[in-house]
Amino acid sequence: ITFVELPAAGKEIGQHGILASIESSKAASDVFAPVAGKVTEVNGDLESQPELVNQDCYGQGWICKLAMSDAGQVKEIMDAPAYEKYLEGLE
């Protein structure tokens, strides 16, 4: 990861809307919001250390925090086993 474009705090994001963009030396990809909500906090450390996304995505490499506008959308998110099964189907 060479660059992370963070959303602005206070930005409203729709479910599956573009939340952030991540660039590597080979490609750029959008990160989509799993639920709709308002960005309440962004990880400013990623501006100077974008590699944290790869090194510690569940810890110091978090991108932002969302205040959900519809908690019912959580039911639509895959858990880890369902996601792994989904990935197997892509092979």
# chains A, B, ... in the order shown; residues from 1 in each chain; ligands from 1
$ residues_around --residues "Met68 in chain A" --least-positions-apart "6" --cutoff "10 Å" --atoms "only C-alpha atoms" --output "CSV table (one decimal) with C-alpha atoms, in the first residue's frame"
chain,number,residue,atom,x,y,z
A,12,GLU,CA,-22.6,10.6,4.7
A,13,ILE,CA,-22.0,7.3,2.9
A,14,GLY,CA,-24.6,5.1,1.4
A,15,GLN,CA,-24.5,1.3,1.7
A,34,PRO,CA,-20.7,-2.3,4.2
A,35,VAL,CA,-23.5,-0.2,5.7
A,36,ALA,CA,-24.8,3.3,5.3
A,37,GLY,CA,-23.7,5.9,7.8
A,38,LYS,CA,-21.8,9.0,8.8
A,39,VAL,CA,-18.0,9.0,9.0
A,40,THR,CA,-17.3,9.9,12.7
A,74,VAL,CA,-25.6,-5.6,9.4
$ residues_around --residues "Ser48 in chain A" --least-positions-apart "3" --cutoff "12 Å" --atoms "only C-alpha atoms" --output "list in words"
Ile1, Thr2, Phe3, Val4, Glu5, Leu6, Asn43, Gly44, Asp45, Glu51, Leu52, Val53 and Gly61 of chain A
$ select_by_dssp --residues "chain A" --states "helix (DSSP H, G or I)" --output "PDB file with C-alpha atoms, in the first residue's frame"
ATOM      1  CA  ASP A  45      -1.948   7.819  10.716  1.00  0.00           C
ATOM      2  CA  LEU A  46      -2.583   6.314   7.275  1.00  0.00           C
ATOM      3  CA  GLU A  47      -1.625   9.590   5.617  1.00  0.00           C
ATOM      4  CA  SER A  48       2.012   9.068   6.595  1.00  0.00           C
ATOM      5  CA  LEU A  52      -0.471  -0.066   8.200  1.00  0.00           C
ATOM      6  CA  VAL A  53      -3.468  -1.333   6.199  1.00  0.00           C
ATOM      7  CA  ASN A  54      -1.390  -4.363   5.160  1.00  0.00           C
ATOM      8  CA  GLN A  55       0.571  -4.734   8.374  1.00  0.00           C
ATOM      9  CA  ALA A  71     -28.425  -1.108  11.924  1.00  0.00           C
ATOM     10  CA  GLY A  72     -30.547  -3.677  10.083  1.00  0.00           C
ATOM     11  CA  GLN A  73     -28.023  -3.631   7.224  1.00  0.00           C
ATOM     12  CA  VAL A  74     -25.593  -5.561   9.439  1.00  0.00           C
ATOM     13  CA  LYS A  75     -27.663  -8.684   8.740  1.00  0.00           C
ATOM     14  CA  GLU A  76     -26.514  -8.494   5.104  1.00  0.00           C
ATOM     15  CA  ALA A  80     -15.651 -14.840   7.996  1.00  0.00           C
ATOM     16  CA  PRO A  81     -16.696 -18.452   7.156  1.00  0.00           C
ATOM     17  CA  ALA A  82     -19.279 -17.259   4.608  1.00  0.00           C
ATOM     18  CA  TYR A  83     -16.706 -14.966   3.003  1.00  0.00           C
ATOM     19  CA  GLU A  84     -14.157 -17.776   2.739  1.00  0.00           C
ATOM     20  CA  LYS A  85     -16.782 -19.971   1.073  1.00  0.00           C
ATOM     21  CA  TYR A  86     -17.591 -17.134  -1.326  1.00  0.00           C
ATOM     22  CA  LEU A  87     -13.896 -16.779  -2.218  1.00  0.00           C
ATOM     23  CA  GLU A  88     -13.605 -20.511  -2.902  1.00  0.00           C
TER      24      GLU A  88
END
$ residues_around --residues "Ile18 in chain A" --least-positions-apart "2" --cutoff "7 Å" --atoms "only C-alpha atoms" --output "PDB file with N, CA and C atoms, in the first residue's frame"
ATOM      1  N   HIS A  16     -22.723   0.393   0.354  1.00  0.00           N
ATOM      2  CA  HIS A  16     -21.968   0.034  -0.847  1.00  0.00           C
ATOM      3  C   HIS A  16     -21.394   1.251  -1.579  1.00  0.00           C
ATOM      4  N   ALA A  20     -13.390   4.823   0.701  1.00  0.00           N
ATOM      5  CA  ALA A  20     -11.988   5.244   0.614  1.00  0.00           C
ATOM      6  C   ALA A  20     -11.393   4.658  -0.652  1.00  0.00           C
ATOM      7  N   ASP A  30     -11.092   0.883  -4.859  1.00  0.00           N
ATOM      8  CA  ASP A  30     -12.008   1.552  -3.943  1.00  0.00           C
ATOM      9  C   ASP A  30     -12.372   0.606  -2.806  1.00  0.00           C
ATOM     10  N   VAL A  31     -12.659   1.177  -1.655  1.00  0.00           N
ATOM     11  CA  VAL A  31     -13.156   0.439  -0.497  1.00  0.00           C
ATOM     12  C   VAL A  31     -14.617   0.860  -0.344  1.00  0.00           C
ATOM     13  N   PHE A  32     -15.507  -0.113  -0.316  1.00  0.00           N
ATOM     14  CA  PHE A  32     -16.940   0.167  -0.265  1.00  0.00           C
ATOM     15  C   PHE A  32     -17.480  -0.005   1.146  1.00  0.00           C
ATOM     16  N   ALA A  33     -18.413   0.839   1.510  1.00  0.00           N
ATOM     17  CA  ALA A  33     -19.013   0.798   2.845  1.00  0.00           C
ATOM     18  C   ALA A  33     -19.951  -0.399   2.960  1.00  0.00           C
TER      19      ALA A  33
END
$ atom_distance --atom1 "CA of Ile77 in chain A" --atom2 "CA of Ser24 in chain A"
26.1 Å
$ atom_distance --atom1 "CA of Met78 in chain A" --atom2 "CA of Lys11 in chain A"
24.6 Å
$ atom_distance --atom1 "CA of Leu19 in chain A" --atom2 "CA of Lys65 in chain A"
10.5 Å
$ closest_residue --among "A:Leu66, A:Gly59, A:Leu90, A:Glu41" --to "Ala8 in chain A" --atoms "only C-alpha atoms"
A:Glu41
